[in-house]
Amino acid sequence: MREQVDAVLEDFLEDKVRVAAGRNHPLEVAGILRDFLAAGGKRIRALLCVVGWHAAGGSEDRAAVLRVAASLELFVAFALIHDDIMDDSDTRRGRPAVHRALRTRLGQSVRAERLGAGGALLVGNLALIWAQELLHIAELSVQRRRAVHALYDAMLEEVMYGQYLDVMGAGADDDVDAALQIVRYKTATATVERPLQLGAAVAGADDTTLGLCTALGLPLGEAFQIRDDLLDVFGSADGACAPGLGDLREGKRTVLLALGLRAATPAQQRRLRRLVGRADLDAQGAAEVRAILEETGARRRTEHMITSRFEQVLRVLDAAALPPAASRALRGLAVTATQYTS
C-alpha cells in the first residue's frame, strides 16, 4: 500500500513539474517536495486512511482512497516544513530542514536567514494547496465528497489550533491536561483519528463507524505522540534512537515534562525551569534533566500512559465487528505507533 501511495504522489508531482515548465514556474519546488517525501516517513496516516476504507467495507473506490491517502502525505509535508520553521530546527529525517537548505543556497546574503524561512513557508503552503487538489480530484459521489471534505477541513482546523496552543504556551508548564490538549489537537486527530475517518468516509461509512474511528484514533494518536516525546528525551533501550536535545532546548510543552514538574520538589522544579528551554543546553545539563525526570517518576508515569492507551485501543478492537483484515492491520499499527524505537 505504501508503494501505491508513493506512486500516486510521484505521478502527481511529475505532472506538477510538467505544468511548471509549461508556465515558466520554478521547477525546483516540486523537486523539494519530492525529496522531502522520499527522505523517509512511515506513511502511517496514508496507511490508516486505507485501513479505515477497508474497515468501512470499501472495495470499489480504490483509486479515490489512494488519492485521499496521498493527499494526507502532502498535508504532513506542509505541517512538518512549517513546524521546522517555527521550531528553528536544523534537520528533518537526517537531512537539512527545508528552510535551512534554502538558506544555504542563498550563500552569504545578509537576508539569507529570513529569505530561507520565507521560501520554506511558501513551499509548505504549496504542499497544502496540492494536498487539497489531490483531495478534489478523488472521484467520489457528491454525498461522499461532502463527508470527506468536512472531515479534512476539521482536521486542518484542529492542527492549526494545536500549533497555536503549542507556540503560545497555553496553560502552566506543569499542567498535564494542557499538554494533552496540545497532543490531541496537534497530533492525535490528524495522525490517526481523521485519517481513519477519511478512509471510512470514502467508503460511505455511517456515524457508528466514524465514531469507532474516534474511539480508536484518539487514544492511539495520543500514545504515538507521547512515545515520540519520550524517545526524543531518553532515546530507546535498544539504541536505535539516541537521546536528543531538541525538545529540551526548545522547551517543548510535553506530557513528560509536565509530569516531572508536577511531581518535582521545589529545588527540582527550579532546576528544570532553569535548564529546559535553553538554546545552549549541553549534554551535562540534559543528563541532569533526565535524572530529575527519572527521580520524580515522570518517565515511569509517561510509559504507563502509553500502555494504558494501547490497552484501550485493544479493548475497542476486541469489541468491534470489523473485517478480519482491517482488525489485524489496526492491531499491527497500534503496536507500531506505541512501541516503535526509531
# chains A, B, ... in the order shown; residues from 1 in each chain; ligands from 1

$ residues_around --residues "segment 68-75 of chain A" --least-positions-apart "3" --cutoff "6 Å" --atoms "only C-alpha atoms" --output "short mmCIF file (atom, residue, chain, number, x, y, z; two decimals) with all heavy atoms, in the first residue's frame"
data_model
loop_
_atom_site.label_atom_id
_atom_site.label_comp_id
_atom_site.auth_asym_id
_atom_site.auth_seq_id
_atom_site.Cartn_x
_atom_site.Cartn_y
_atom_site.Cartn_z
N VAL A 5 0.65 4.35 -2.72
CA VAL A 5 0.50 5.77 -2.34
C VAL A 5 1.68 6.58 -2.88
O VAL A 5 1.50 7.68 -3.43
CB VAL A 5 0.40 5.90 -0.80
CG1 VAL A 5 0.50 7.37 -0.38
CG2 VAL A 5 -0.90 5.30 -0.31
N ALA A 46 -1.37 7.69 5.74
CA ALA A 46 -1.88 7.11 4.49
C ALA A 46 -2.36 5.68 4.72
O ALA A 46 -3.42 5.28 4.21
CB ALA A 46 -0.80 7.15 3.42
N CYS A 49 -5.63 5.66 6.56
CA CYS A 49 -6.71 6.05 5.67
C CYS A 49 -7.22 4.84 4.89
O CYS A 49 -8.43 4.60 4.81
CB CYS A 49 -6.22 7.14 4.72
SG CYS A 49 -7.45 7.74 3.55
N VAL A 65 -9.48 6.35 -2.76
CA VAL A 65 -8.91 6.32 -1.42
C VAL A 65 -7.39 6.49 -1.48
O VAL A 65 -6.78 7.08 -0.57
CB VAL A 65 -9.30 5.03 -0.67
CG1 VAL A 65 -8.49 3.81 -1.15
CG2 VAL A 65 -9.13 5.21 0.83
N PHE A 78 3.50 19.71 4.46
CA PHE A 78 3.20 21.10 4.82
C PHE A 78 3.40 21.32 6.32
O PHE A 78 4.08 22.27 6.74
CB PHE A 78 1.76 21.44 4.41
CG PHE A 78 1.05 22.39 5.34
CD1 PHE A 78 1.34 23.74 5.31
CD2 PHE A 78 0.11 21.92 6.25
CE1 PHE A 78 0.69 24.62 6.18
CE2 PHE A 78 -0.53 22.77 7.12
CZ PHE A 78 -0.25 24.13 7.08
N ALA A 127 2.52 22.81 -0.71
CA ALA A 127 2.23 21.41 -0.36
C ALA A 127 0.78 21.29 0.13
O ALA A 127 0.08 20.33 -0.22
CB ALA A 127 3.19 20.91 0.71
N LEU A 128 0.32 22.26 0.91
CA LEU A 128 -1.06 22.22 1.39
C LEU A 128 -2.05 22.43 0.25
O LEU A 128 -3.08 21.75 0.17
CB LEU A 128 -1.27 23.29 2.47
CG LEU A 128 -2.67 23.35 3.07
CD1 LEU A 128 -3.07 22.02 3.69
CD2 LEU A 128 -2.76 24.47 4.11
N ALA A 131 -2.16 19.29 -1.64
CA ALA A 131 -2.90 18.28 -0.88
C ALA A 131 -4.39 18.44 -1.11
O ALA A 131 -5.12 17.45 -1.33
CB ALA A 131 -2.58 18.41 0.62
N LEU A 134 -5.28 17.19 -4.67
CA LEU A 134 -5.41 15.73 -4.72
C LEU A 134 -6.74 15.28 -4.15
O LEU A 134 -7.37 14.35 -4.65
CB LEU A 134 -4.26 15.08 -3.95
CG LEU A 134 -3.07 14.57 -4.75
CD1 LEU A 134 -1.98 14.07 -3.81
CD2 LEU A 134 -3.48 13.47 -5.72
N LEU A 135 -7.17 15.95 -3.11
CA LEU A 135 -8.46 15.62 -2.50
C LEU A 135 -9.60 15.90 -3.48
O LEU A 135 -10.54 15.12 -3.61
CB LEU A 135 -8.64 16.45 -1.23
CG LEU A 135 -9.68 15.96 -0.22
CD1 LEU A 135 -9.25 14.64 0.40
CD2 LEU A 135 -9.87 17.02 0.87
#

$ closest_atom_pairs --of "segment 238-339 of chain A" --to "segment 184-191 of chain A" --cutoff "12 Å" --atoms "only C-alpha atoms" --output "JSON lines"
{"residue": "A:Thr254", "atom": "CA", "partner": "A:Arg184", "partner_atom": "CA", "distance": 11.8}
{"residue": "A:Val255", "atom": "CA", "partner": "A:Arg184", "partner_atom": "CA", "distance": 11.4}
{"residue": "A:Arg309", "atom": "CA", "partner": "A:Ala188", "partner_atom": "CA", "distance": 11.9}
{"residue": "A:Leu333", "atom": "CA", "partner": "A:Thr191", "partner_atom": "CA", "distance": 11.8}
{"residue": "A:Ala337", "atom": "CA", "partner": "A:Thr191", "partner_atom": "CA", "distance": 10.1}

$ select_by_dssp --residues "segment 19-96 of chain A" --states "strand (DSSP E)" --output "count of residues only"
4

$ select_by_dssp --residues "segment 1-231 of chain A" --states "helix (DSSP H, G or I)" --output "PyMOL selection string"
chain A and resi 2-23+28-38+44-55+62-87+98-105+112-136+142-168+176-202+207-231

$ atom_distance --atom1 "atom CA of Ile292 of chain A" --atom2 "atom CA of Arg262 of chain A"
11.7 Å

$ atom_distance --atom1 "atom CA of Ala79 of chain A" --atom2 "atom CA of Ile32 of chain A"
14.8 Å

$ atom_distance --atom1 "atom CA of Arg315 of chain A" --atom2 "atom CA of Leu231 of chain A"
25.6 Å

$ closest_residue --among "A:Cys241, A:Ala329, A:Val8, A:Ile226" --to "Thr302 of chain A" --atoms "only C-alpha atoms"
A:Ile226

$ closest_residue --among "A:Gly221, A:Gly31, A:Gly94, A:Pro195" --to "Phe310 of chain A" --atoms "only C-alpha atoms"
A:Gly221

$ closest_residue --among "A:Leu106, A:Leu115, A:Met155, A:Val167" --to "Arg194 of chain A" --atoms "only C-alpha atoms"
A:Met155

$ closest_residue --among "A:Asp238, A:Asp35, A:Asp229, A:Glu193" --to "Thr214 of chain A" --atoms "only C-alpha atoms"
A:Glu193

$ residues_around --residues "Ala178 of chain A" --least-positions-apart "2" --cutoff "12 Å" --atoms "only C-alpha atoms" --output "list in words"
Gly162, Leu165, Asp166, Met168, Gly169, Ala170, Gly171, Ala172, Asp173, Asp174, Asp175, Val176, Leu180, Gln181, Ile182, Val183, Arg184, Tyr185, Arg253, Thr254, Val255, Leu257, Ala258 and Leu259 of chain A

$ closest_residue --among "A:Ala283, A:Phe224, A:Pro243, A:Val289" --to "Thr338 of chain A" --atoms "only C-alpha atoms"
A:Phe224

$ residues_around --residues "Phe234 of chain A" --least-positions-apart "2" --cutoff "12 Å" --atoms "only C-alpha atoms" --output "JSON, numbers by chain"
{"A": [227, 228, 229, 230, 231, 232, 236, 237, 238, 239, 240, 241, 242, 243, 244, 245, 246, 247, 248, 256, 286, 287, 288, 289, 290, 291, 293, 294, 298, 299, 300, 302, 303, 341, 342]}

$ write_last_selection --atoms "N, CA and C atoms" --output "compact mmCIF listing (two decimals), in the first residue's frame"
# COMPACT_ATOMS: atom_id res chain seq x y z
N ARG A 227 4.86 8.76 23.06
CA ARG A 227 6.04 7.91 22.81
C ARG A 227 7.12 8.72 22.10
N ASP A 228 6.74 9.50 21.11
CA ASP A 228 7.69 10.29 20.35
C ASP A 228 8.42 11.28 21.26
N ASP A 229 7.68 11.93 22.14
CA ASP A 229 8.29 12.89 23.07
C ASP A 229 9.22 12.20 24.05
N LEU A 230 8.84 11.01 24.49
CA LEU A 230 9.69 10.26 25.41
C LEU A 230 10.99 9.84 24.73
N LEU A 231 10.89 9.38 23.49
CA LEU A 231 12.09 8.98 22.75
C LEU A 231 13.03 10.14 22.52
N ASP A 232 12.48 11.33 22.27
CA ASP A 232 13.34 12.48 22.00
C ASP A 232 14.22 12.81 23.20
N SER A 236 15.95 5.19 22.99
CA SER A 236 15.36 3.87 23.17
C SER A 236 16.37 2.90 23.79
N ALA A 237 15.84 1.91 24.50
CA ALA A 237 16.70 0.96 25.19
C ALA A 237 17.57 0.16 24.22
N ASP A 238 17.08 -0.06 22.99
CA ASP A 238 17.86 -0.85 22.03
C ASP A 238 18.90 -0.03 21.28
N GLY A 239 18.96 1.27 21.57
CA GLY A 239 19.96 2.12 20.94
C GLY A 239 19.60 2.59 19.55
N ALA A 240 18.45 2.18 19.03
CA ALA A 240 18.05 2.60 17.68
C ALA A 240 17.78 4.10 17.63
N CYS A 241 17.36 4.66 18.74
CA CYS A 241 17.11 6.10 18.83
C CYS A 241 17.94 6.65 19.99
N ALA A 242 18.83 7.57 19.70
CA ALA A 242 19.69 8.14 20.73
C ALA A 242 18.97 9.28 21.45
N PRO A 243 19.27 9.49 22.73
CA PRO A 243 18.68 10.64 23.42
C PRO A 243 19.02 11.94 22.69
N GLY A 244 18.05 12.84 22.64
CA GLY A 244 18.26 14.08 21.90
C GLY A 244 18.22 15.31 22.79
N LEU A 245 18.50 16.45 22.17
CA LEU A 245 18.47 17.72 22.88
C LEU A 245 17.37 18.64 22.34
N GLY A 246 16.76 18.24 21.21
CA GLY A 246 15.84 19.14 20.51
C GLY A 246 14.70 19.63 21.36
N ASP A 247 13.92 18.72 21.94
CA ASP A 247 12.75 19.13 22.72
C ASP A 247 13.16 19.88 23.97
N LEU A 248 14.27 19.47 24.58
CA LEU A 248 14.72 20.13 25.81
C LEU A 248 15.20 21.55 25.53
N LEU A 256 5.51 14.52 29.38
CA LEU A 256 6.64 14.07 30.20
C LEU A 256 7.14 15.20 31.10
N ALA A 286 21.44 18.24 29.98
CA ALA A 286 20.38 17.32 29.56
C ALA A 286 20.37 16.08 30.44
N ALA A 287 21.56 15.60 30.82
CA ALA A 287 21.64 14.44 31.71
C ALA A 287 21.01 14.75 33.07
N GLU A 288 21.18 15.98 33.54
CA GLU A 288 20.57 16.38 34.81
C GLU A 288 19.04 16.40 34.70
N VAL A 289 18.54 16.91 33.57
CA VAL A 289 17.09 16.92 33.35
C VAL A 289 16.56 15.50 33.33
N ARG A 290 17.24 14.61 32.62
CA ARG A 290 16.79 13.22 32.55
C ARG A 290 16.78 12.58 33.94
N ALA A 291 17.79 12.88 34.74
CA ALA A 291 17.86 12.31 36.08
C ALA A 291 16.68 12.76 36.93
N LEU A 293 13.74 13.73 35.80
CA LEU A 293 12.53 13.10 35.26
C LEU A 293 12.43 11.63 35.69
N GLU A 294 13.57 10.99 35.87
CA GLU A 294 13.58 9.62 36.41
C GLU A 294 13.21 9.63 37.90
N ALA A 298 8.43 10.64 36.49
CA ALA A 298 7.75 11.14 35.30
C ALA A 298 7.91 10.19 34.12
N ARG A 299 9.11 9.62 33.98
CA ARG A 299 9.31 8.69 32.87
C ARG A 299 8.43 7.46 33.03
N ARG A 300 8.35 6.93 34.25
CA ARG A 300 7.53 5.74 34.51
C ARG A 300 6.05 6.04 34.28
N THR A 302 4.82 8.31 32.33
CA THR A 302 4.62 8.51 30.90
C THR A 302 4.49 7.16 30.19
N GLU A 303 5.35 6.22 30.53
CA GLU A 303 5.26 4.88 29.95
C GLU A 303 3.90 4.25 30.27
N THR A 341 10.85 2.32 18.14
CA THR A 341 12.07 2.78 18.81
C THR A 341 12.94 3.66 17.92
N SER A 342 12.51 3.95 16.71
CA SER A 342 13.31 4.81 15.83
C SER A 342 12.42 5.43 14.79

$ closest_residue --among "A:Phe36, A:Lys16, A:Ile306, A:Tyr164" --to "Gln225 of chain A" --atoms "only C-alpha atoms"
A:Ile306

$ residues_around --residues "Leu27 of chain A" --least-positions-apart "6" --cutoff "7 Å" --atoms "only C-alpha atoms" --output "ChimeraX atom specification"
/A:17,20-21
